[in-house]
Amino acid sequence: MKRRTVIPALLLLALLACARAEPAAFELSAVPEALLAPCAQQGSVERIEYETFVYDKRGNPGRAGTGRACVYLPYGYDSAQRYDVLYLMHGAGEDERYWLSEENGARALLDGMIAQGLCPPVIVVTPCLASEKNGGLNGTGTFRYELRGDLIPAVESRYSTWALGDMSQESLTRSRAHRAYAGLSLGSEAGWSSVLMGCLDMIGYVGCFSGYYSNAYAIAESMNTAYADFPPLYWYNGNGTLDGSHDDHLRGYGLMLRLCPQLLREGENCCFADKPGKRHNLESWRIDLYNVMRVFFRAEAP
């Protein structure tokens, strides 16, 4: 006679509880057509300049220069209120005007999502990454120094954010749950090599659209050591199945899950969103922007 394995009742209940606790996969949503139409409650866009430098790989400043960014202020912006901030980066061959241009559709999307309560009122800053002589000073790996030392202080000392005008390291760390970065293609690579690798103590949310920086081992080492106390509050990865960068991006994401098991928990604070039939283009990146705005700035405020 075969012996039956009897599972004690308490153990069985524990196993069932663990099964129920398994995090659900991220559910990608299409952009509602109505959100791409002009909204009655429209935000405004300003252009700013700030002092920055050409940084070397160690963060040493070299030649001084002028950084440029466009700033989206939500409808009804009030300096007496506090606002979350999204730093949103373009791709190769573009500049700070890309995301917030009239024809892009991102402004209408933001206006509509805010008006319908689908995301909080947010300040969106679109800086310039060095790419094909567009005037940017720093590339994907050195942009972290410009972002930390120059851009964030320039923006958040001027506009009303959760940093409350205090640009000290302690203040920017305390307010990291109210600060995000996202970028497409080249801007996505900067998300890997500059933000994940060098800014997680002051940026809580990261979005990477259609782009992967190949040195995952160096990024994971930095996250597991220097930023071990600052796991991403959410790390969104989106890529179209017909995008040439898809497979490398997916492999890199899977590698990061294996290298950073204490910091990255799929379904809980990170995801890879496949976009069936989508390519390396604006239609795909609008979907990413819509979806990150549904999950960013949702963590418990400090």
# chains A, B, ... in the order shown; residues from 1 in each chain; ligands from 1
$ residues_around --residues "A:Ser222" --least-positions-apart "4" --cutoff "12 Å" --atoms "only C-alpha atoms" --output "list in words"
Trp192, Ser193, Ser194, Val195, Leu196, Met197, Gly198, Cys199, Leu200, Asp201, Asn215, Ala216, Tyr217, Ala218, Ala226, Tyr227, Ala228, Asp229, Phe230, Pro231, Met256, Leu259, Cys260 and Leu263 of chain A
$ residues_around --residues "stretch 283-299 of chain A" --least-positions-apart "6" --cutoff "10 Å" --atoms "only C-alpha atoms" --output "PyMOL selection string"
chain A and resi 26-32+35-36+84-86+88+99+104-106+109-110+113-114+118-120+122+176-185+204-210+233-240+243+269+273+275-277
$ closest_residue --among "A:Tyr212, A:Trp162, A:Tyr55, A:Tyr50" --to "A:Gly244" --atoms "only C-alpha atoms"
A:Tyr212
$ atom_distance --atom1 "atom CA of A:Arg97" --atom2 "atom CA of A:Gly165"
25.8 Å
$ select_by_dssp --residues "stretch 63-99 of chain A" --states "strand (DSSP E or B)" --output "PyMOL selection string"
chain A and resi 63-73+83-89
$ residues_around --residues "A:Leu257" --least-positions-apart "3" --cutoff "12 Å" --atoms "only C-alpha atoms" --output "short mmCIF file (atom, residue, chain, number, x, y, z; two decimals) with all heavy atoms, in the first residue's frame"
data_model
loop_
_atom_site.label_atom_id
_atom_site.label_comp_id
_atom_site.auth_asym_id
_atom_site.auth_seq_id
_atom_site.Cartn_x
_atom_site.Cartn_y
_atom_site.Cartn_z
N ALA A 216 24.18 45.86 -16.95
CA ALA A 216 23.28 45.61 -15.83
C ALA A 216 24.05 45.23 -14.56
O ALA A 216 23.61 45.55 -13.45
CB ALA A 216 22.29 44.50 -16.18
N TYR A 217 25.19 44.57 -14.71
CA TYR A 217 25.95 44.15 -13.53
C TYR A 217 26.45 45.35 -12.74
O TYR A 217 26.38 45.35 -11.50
CB TYR A 217 27.12 43.26 -13.95
CG TYR A 217 26.68 41.90 -14.44
CD1 TYR A 217 26.52 41.64 -15.79
CD2 TYR A 217 26.41 40.87 -13.53
CE1 TYR A 217 26.10 40.40 -16.24
CE2 TYR A 217 25.99 39.62 -13.96
CZ TYR A 217 25.83 39.39 -15.32
OH TYR A 217 25.40 38.16 -15.76
N ILE A 219 25.08 48.36 -12.74
CA ILE A 219 23.91 49.01 -12.16
C ILE A 219 23.44 48.26 -10.92
O ILE A 219 23.15 48.85 -9.88
CB ILE A 219 22.78 49.10 -13.20
CG1 ILE A 219 23.22 49.97 -14.38
CG2 ILE A 219 21.50 49.65 -12.58
CD1 ILE A 219 22.29 49.89 -15.57
N ALA A 220 23.39 46.93 -11.01
CA ALA A 220 22.96 46.12 -9.89
C ALA A 220 23.91 46.26 -8.70
O ALA A 220 23.47 46.33 -7.55
CB ALA A 220 22.85 44.66 -10.31
N MET A 223 23.09 49.52 -7.03
CA MET A 223 21.82 49.44 -6.31
C MET A 223 21.95 48.62 -5.04
O MET A 223 21.38 48.96 -4.00
CB MET A 223 20.74 48.85 -7.22
CG MET A 223 20.29 49.81 -8.32
SD MET A 223 19.04 49.08 -9.41
CE MET A 223 17.70 48.77 -8.28
N ASN A 224 22.70 47.53 -5.10
CA ASN A 224 22.83 46.64 -3.95
C ASN A 224 23.76 47.17 -2.86
O ASN A 224 23.78 46.64 -1.75
CB ASN A 224 23.33 45.27 -4.41
CG ASN A 224 22.25 44.46 -5.12
OD1 ASN A 224 21.07 44.57 -4.78
ND2 ASN A 224 22.65 43.68 -6.10
N TRP A 235 9.34 50.71 -10.60
CA TRP A 235 10.18 50.76 -11.80
C TRP A 235 9.38 50.14 -12.93
O TRP A 235 9.15 48.94 -12.97
CB TRP A 235 11.49 50.00 -11.57
CG TRP A 235 12.39 49.98 -12.77
CD1 TRP A 235 12.56 50.95 -13.72
CD2 TRP A 235 13.27 48.91 -13.15
NE1 TRP A 235 13.48 50.57 -14.66
CE2 TRP A 235 13.94 49.32 -14.33
CE3 TRP A 235 13.58 47.66 -12.59
CZ2 TRP A 235 14.87 48.51 -14.97
CZ3 TRP A 235 14.51 46.86 -13.23
CH2 TRP A 235 15.16 47.28 -14.40
N LEU A 250 14.04 43.33 -22.42
CA LEU A 250 13.43 42.28 -21.61
C LEU A 250 14.50 41.44 -20.91
O LEU A 250 14.37 41.11 -19.73
CB LEU A 250 12.54 41.40 -22.47
CG LEU A 250 11.83 40.24 -21.76
CD1 LEU A 250 10.96 40.75 -20.63
CD2 LEU A 250 11.00 39.43 -22.76
N ARG A 251 15.58 41.09 -21.64
CA ARG A 251 16.66 40.31 -21.02
C ARG A 251 17.33 41.10 -19.90
O ARG A 251 17.63 40.55 -18.83
CB ARG A 251 17.70 39.92 -22.08
CG ARG A 251 17.31 38.72 -22.93
CD ARG A 251 18.50 38.19 -23.72
NE ARG A 251 18.93 39.15 -24.74
CZ ARG A 251 18.48 39.15 -25.99
NH1 ARG A 251 17.58 38.27 -26.37
NH2 ARG A 251 18.92 40.05 -26.86
N GLY A 252 17.56 42.38 -20.14
CA GLY A 252 18.18 43.21 -19.10
C GLY A 252 17.31 43.31 -17.86
O GLY A 252 17.80 43.25 -16.73
N TYR A 253 16.00 43.46 -18.07
CA TYR A 253 15.07 43.52 -16.94
C TYR A 253 15.10 42.21 -16.14
O TYR A 253 15.18 42.23 -14.90
CB TYR A 253 13.66 43.79 -17.47
CG TYR A 253 12.57 43.68 -16.42
CD1 TYR A 253 12.39 44.66 -15.47
CD2 TYR A 253 11.73 42.57 -16.41
CE1 TYR A 253 11.38 44.57 -14.52
CE2 TYR A 253 10.72 42.46 -15.46
CZ TYR A 253 10.56 43.46 -14.51
OH TYR A 253 9.56 43.35 -13.57
N GLY A 254 15.07 41.08 -16.83
CA GLY A 254 15.12 39.79 -16.15
C GLY A 254 16.41 39.61 -15.38
O GLY A 254 16.41 39.06 -14.26
N CYS A 260 19.14 41.68 -8.17
CA CYS A 260 18.68 42.55 -7.07
C CYS A 260 17.41 42.00 -6.42
O CYS A 260 16.39 42.70 -6.35
CB CYS A 260 18.44 43.96 -7.59
SG CYS A 260 19.85 44.76 -8.36
N PRO A 261 17.43 40.76 -5.93
CA PRO A 261 16.19 40.17 -5.41
C PRO A 261 15.65 40.86 -4.16
O PRO A 261 14.45 40.76 -3.88
CB PRO A 261 16.61 38.72 -5.10
CG PRO A 261 18.08 38.79 -4.86
CD PRO A 261 18.59 39.84 -5.80
N GLN A 262 16.50 41.57 -3.43
CA GLN A 262 16.03 42.25 -2.23
C GLN A 262 15.41 43.61 -2.54
O GLN A 262 14.67 44.16 -1.71
CB GLN A 262 17.21 42.45 -1.25
CG GLN A 262 17.90 41.18 -0.82
CD GLN A 262 16.95 40.18 -0.20
OE1 GLN A 262 16.13 40.55 0.65
NE2 GLN A 262 17.05 38.93 -0.60
N LEU A 263 15.69 44.13 -3.72
CA LEU A 263 15.24 45.48 -4.07
C LEU A 263 14.13 45.50 -5.11
O LEU A 263 13.34 46.45 -5.14
CB LEU A 263 16.42 46.31 -4.59
CG LEU A 263 17.62 46.50 -3.66
CD1 LEU A 263 18.70 47.31 -4.34
CD2 LEU A 263 17.18 47.17 -2.36
N LEU A 264 14.09 44.48 -5.96
CA LEU A 264 13.13 44.45 -7.05
C LEU A 264 12.20 43.26 -6.88
O LEU A 264 12.64 42.10 -6.88
CB LEU A 264 13.86 44.36 -8.40
CG LEU A 264 14.79 45.53 -8.73
CD1 LEU A 264 15.56 45.25 -10.03
CD2 LEU A 264 14.02 46.84 -8.84
N ARG A 265 10.91 43.53 -6.75
CA ARG A 265 9.90 42.48 -6.54
C ARG A 265 8.83 42.64 -7.63
O ARG A 265 7.97 43.50 -7.55
CB ARG A 265 9.30 42.61 -5.14
CG ARG A 265 10.36 42.52 -4.03
CD ARG A 265 9.80 42.83 -2.66
NE ARG A 265 9.22 44.17 -2.59
CZ ARG A 265 9.94 45.28 -2.42
NH1 ARG A 265 11.27 45.22 -2.31
NH2 ARG A 265 9.36 46.47 -2.36
N GLU A 266 8.94 41.76 -8.62
CA GLU A 266 8.05 41.89 -9.78
C GLU A 266 6.59 41.79 -9.37
O GLU A 266 6.21 40.93 -8.58
CB GLU A 266 8.37 40.82 -10.83
CG GLU A 266 7.60 41.02 -12.12
CD GLU A 266 8.11 40.16 -13.25
OE1 GLU A 266 8.54 39.02 -12.97
OE2 GLU A 266 8.04 40.61 -14.39
N GLY A 267 5.79 42.71 -9.92
CA GLY A 267 4.38 42.76 -9.58
C GLY A 267 4.10 43.60 -8.36
O GLY A 267 2.95 43.99 -8.12
N ASN A 269 6.84 46.18 -7.02
CA ASN A 269 7.44 47.50 -7.24
C ASN A 269 8.14 47.60 -8.60
O ASN A 269 8.90 48.54 -8.82
CB ASN A 269 8.40 47.87 -6.11
CG ASN A 269 9.73 47.14 -6.19
OD1 ASN A 269 9.82 46.05 -6.76
ND2 ASN A 269 10.77 47.73 -5.64
N CYS A 270 7.89 46.66 -9.49
CA CYS A 270 8.47 46.75 -10.84
C CYS A 270 7.66 45.88 -11.79
O CYS A 270 6.95 44.96 -11.37
CB CYS A 270 9.94 46.34 -10.84
SG CYS A 270 10.26 44.64 -10.33
N CYS A 271 7.80 46.19 -13.09
CA CYS A 271 7.08 45.39 -14.09
C CYS A 271 7.76 45.57 -15.44
O CYS A 271 8.51 46.52 -15.67
CB CYS A 271 5.62 45.83 -14.20
SG CYS A 271 5.39 47.42 -15.05
N PHE A 272 7.48 44.63 -16.34
CA PHE A 272 7.81 44.77 -17.76
C PHE A 272 6.51 44.64 -18.52
O PHE A 272 5.85 43.60 -18.48
CB PHE A 272 8.80 43.70 -18.22
CG PHE A 272 9.34 43.96 -19.60
CD1 PHE A 272 10.57 44.56 -19.78
CD2 PHE A 272 8.60 43.62 -20.73
CE1 PHE A 272 11.07 44.84 -21.05
CE2 PHE A 272 9.08 43.89 -22.01
CZ PHE A 272 10.32 44.50 -22.17
#
$ closest_residue --among "A:Arg68, A:Arg82, A:Arg258, A:Arg107" --to "A:Gly136" --atoms "only C-alpha atoms"
A:Arg68
